[in-house]
Each structure stands twice: as C-alpha cells, then as structure tokens.
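These notes concern the structure reproduced below.
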Amino acid sequence: MPRIKPVDPDQVPAKSKPLLEGVRQKLGITPNLMTTLAHSPAALQAYLGFGQALSGASLPGKLREQIAVAVAGENSCGYCASAHTLLAGKAGVPGDEAARNLRGESSDPRTAAALDFARTIVKKRGHVPDAALRSVRAAGFTEAEVIEIIATVAVNIFTNYFNHVAQTEIDFPVVDVPEPVAA
C-alpha cells in the first residue's frame, strides 16, 4: 500500500496539470509515479525536465533504458524495474536481455561496460575507482557519454528512492527484483 498516495484527480495542483497532460499524451497513460510526484509541481517538473534533457543525449535511448533497468536492479526498485523493462522492450531490448540488464549484465560487451560502470556508481555512491573509468572509456565511451551515463544513473536513483519512500503502487507488468542489501 502506498505511503504517499497519487494526487486526487480533483486536487491536482494547477502547475502539475499541464505536466501530467503532457505525460498522458506522450505515454497514453499517467503512471502512478507521475501522479504521486504531482503533489509537488517542482519535483515533477524537475524529473520531467531531466528526462527531456537526456532525450537529446548522445547516449542512445535504448542504452539509457538498459542503464535504468540495471540501476533499478542494484537499488531493488520494483517500480522502476517494471517500468523500465517495459520501456526497454519498446526501445528494442529483448526480454532475455532486459533480464540480464537487471543483474547488470549484457550479451553486448559495450553495453556490459556501461552497465558495470553504472552499477559501480550506485555501489560506490559516485566514488568510482580510476579502473572503472578506464574500463568504460576502453569500451569506447566518449567523455560526453560517460557524463550521460552518470546523469542517467542520477535521475534513476531519484525515482528509485522516491518509490522506496512512497511505496508507489506498480502499474506496469511486474518484474521481480533482487532483495535489497542490508545497509
């Protein structure tokens, strides 16, 4: 049961209404994540703005979804794992590959390097060792792409943590995630 419920449709803050409408037009639905974030128009706008900015990144959308799946797996976020597995599929990631991505693995070496780097960012809270940066660069990632991997990790950590706190009800086909590691 959600600890922060989605905003009541009759009480959506005025500044959140056009943002939610934009989401509905783009996705055909307004996911519970968005309607829960809508309590704070600033938070919803920040999240949507971050995503919009990354849509123009040099890092392909397919890989950004795979990173989102890996980050959700690392953070044990069922909501994001479920949402991004669906979105990854729409971006062309086969189901078996998405399942590997959830564990931070990939059948493609370049993708595997990006996912390993992303998971290292999460595990090390950004304090990645030099070897991790050398490894992702050796896989052919440019400085811009490395920065975009970091940005993709950051926005997904936000939603992972938000969903943990809010206990957002999953409104996508449910994907099982690993149990969280004890803190």
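Simple scheme: letters A, B, ... for chains in structure tokens order, numbers from 1 for residues in each chain, numbers from 1 for ligands in the order shown.
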
Long-range neighbours of A:Leu115 as a list of chain:residue names, 9 Å cut-off, only C-alpha atoms, 2 positions minimum in chain: A:Leu63, A:Gln66, A:Ile67, A:Ala70, A:Val71, A:Asn101, A:Gly104, A:Glu105, A:Ser106, A:Arg110, A:Thr111, A:Ala112, A:Ala113, A:Phe117, A:Ala118, A:Arg119, A:Thr120, A:Ile149

Among chain A, which ones does DSSP assign to helix (DSSP H, G or I) (computed from the backbone)? Answer as a ChimeraX atom specification. /A:9-11,17-27,32-37,41-54,61-74,78-90,95-102,109-123,130-138,143-166

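Every protein or nucleic acid residue with an atom no more than 7 Å from stretch 159-168 of chain A, counting only C-alpha atoms and leaving out same-chain residues fewer than 3 positions away, appears here: Met1, Pro2, Arg3, Ile4, Asn32, Leu33, Ala72, Asn75, Cys77, Tyr79, Cys80, Val155 and Asn156 of chain A.
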
Export of the given selection (C-alpha atoms) as a PDB file, in the first residue's frame:
ATOM      1  CA  MET A   1       0.000   0.000   0.000  1.00  0.00           C
ATOM      2  CA  PRO A   2       1.414   3.399  -0.944  1.00  0.00           C
ATOM      3  CA  ARG A   3       2.754   5.562   1.862  1.00  0.00           C
ATOM      4  CA  ILE A   4       2.354   8.600  -0.396  1.00  0.00           C
ATOM      5  CA  ASN A  32       1.465   6.286 -10.581  1.00  0.00           C
ATOM      6  CA  LEU A  33       4.997   7.650 -10.274  1.00  0.00           C
ATOM      7  CA  ALA A  72      16.670  -0.403 -10.538  1.00  0.00           C
ATOM      8  CA  ASN A  75      18.664  -0.464  -5.855  1.00  0.00           C
ATOM      9  CA  CYS A  77      13.309  -0.856  -7.039  1.00  0.00           C
ATOM     10  CA  TYR A  79       8.529   0.027  -9.693  1.00  0.00           C
ATOM     11  CA  CYS A  80      11.419   1.241 -11.845  1.00  0.00           C
ATOM     12  CA  VAL A 155      17.846  10.565 -12.355  1.00  0.00           C
ATOM     13  CA  ASN A 156      17.121   6.880 -11.804  1.00  0.00           C
TER      14      ASN A 156
END

If you count only C-alpha atoms, which residues fall within 9 Å of A:Glu148, apart from same-chain ones fewer than 4 positions away, as a ChimeraX atom specification? /A:54,57-59,64,143-144,152-153

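Among A:Asp116, A:Pro109, A:Pro180, A:Gly73, the residue with the shortest atom-to-atom distance to A:Ala131, counting only C-alpha atoms, is A:Asp116.
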
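Taking atom CA of A:Pro9 as the reference point, atom CA of A:Leu37 is found at 12.9 Å.
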
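In this comparison, which uses only C-alpha atoms, the residue of A:Pro178, A:Pro129, A:Pro173, A:Pro18 approaching A:Leu87 most closely is A:Pro173.
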
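The space separating atom CA of A:Val12 from atom CA of A:Tyr47 comes to 17.0 Å.
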
Would you list the contacts of A:Gly61 as a tab-separated table (two decimals) with N, CA and C atoms, in the first residue's frame, taking every protein, DNA or RNA residue within 9 Å and counting only C-alpha atoms, but skipping same-chain residues closer than 6 positions in sequence?
chain	number	residue	atom	x	y	z
A	54	LEU	N	17.82	14.60	-21.29
A	54	LEU	CA	18.56	13.40	-21.68
A	54	LEU	C	18.05	12.80	-22.98
A	55	SER	N	16.84	13.14	-23.39
A	55	SER	CA	16.33	12.61	-24.66
A	55	SER	C	17.15	13.14	-25.83
A	88	ALA	N	12.26	-0.48	-22.05
A	88	ALA	CA	13.40	-1.06	-22.77
A	88	ALA	C	12.91	-1.95	-23.91
A	91	ALA	N	12.00	0.01	-26.72
A	91	ALA	CA	13.19	0.57	-27.38
A	91	ALA	C	13.98	-0.49	-28.13

Exercise: A:Glu21 partners within 12 Å, only C-alpha atoms, chain neighbours under 2 positions left out, as a PyMOL selection string: chain A and resi 9+12+14-19+23-31+34-35+38

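We find atom CA of A:Ala43 and atom CA of A:Asp10 to be spaced 19.5 Å apart.
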
Restricting to only C-alpha atoms, whichever of A:Asp108, A:Glu65, A:Asp96, A:Glu74 is closest to A:Arg125 is A:Glu74

Quick one: residues within 12 Å of A:Asp130, only C-alpha atoms, excluding same-chain residues fewer than 4 positions away - as number ranges by chain? A: 117, 120-121, 126, 134-137

Residues from the last selection, C-alpha atoms, saved as a compact mmCIF listing (two decimals), in the first residue's frame:
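For reference, result-v4.txt as written:
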# COMPACT_ATOMS: atom_id res chain seq x y z
CA PHE A 117 30.07 1.45 -14.73
CA THR A 120 29.70 0.88 -9.75
CA ILE A 121 28.44 4.47 -9.48
CA GLY A 126 29.78 8.10 -7.07
CA ARG A 134 39.34 3.48 -17.58
CA SER A 135 37.18 0.43 -18.30
CA VAL A 136 34.18 2.36 -19.60
CA ARG A 137 36.46 4.55 -21.72
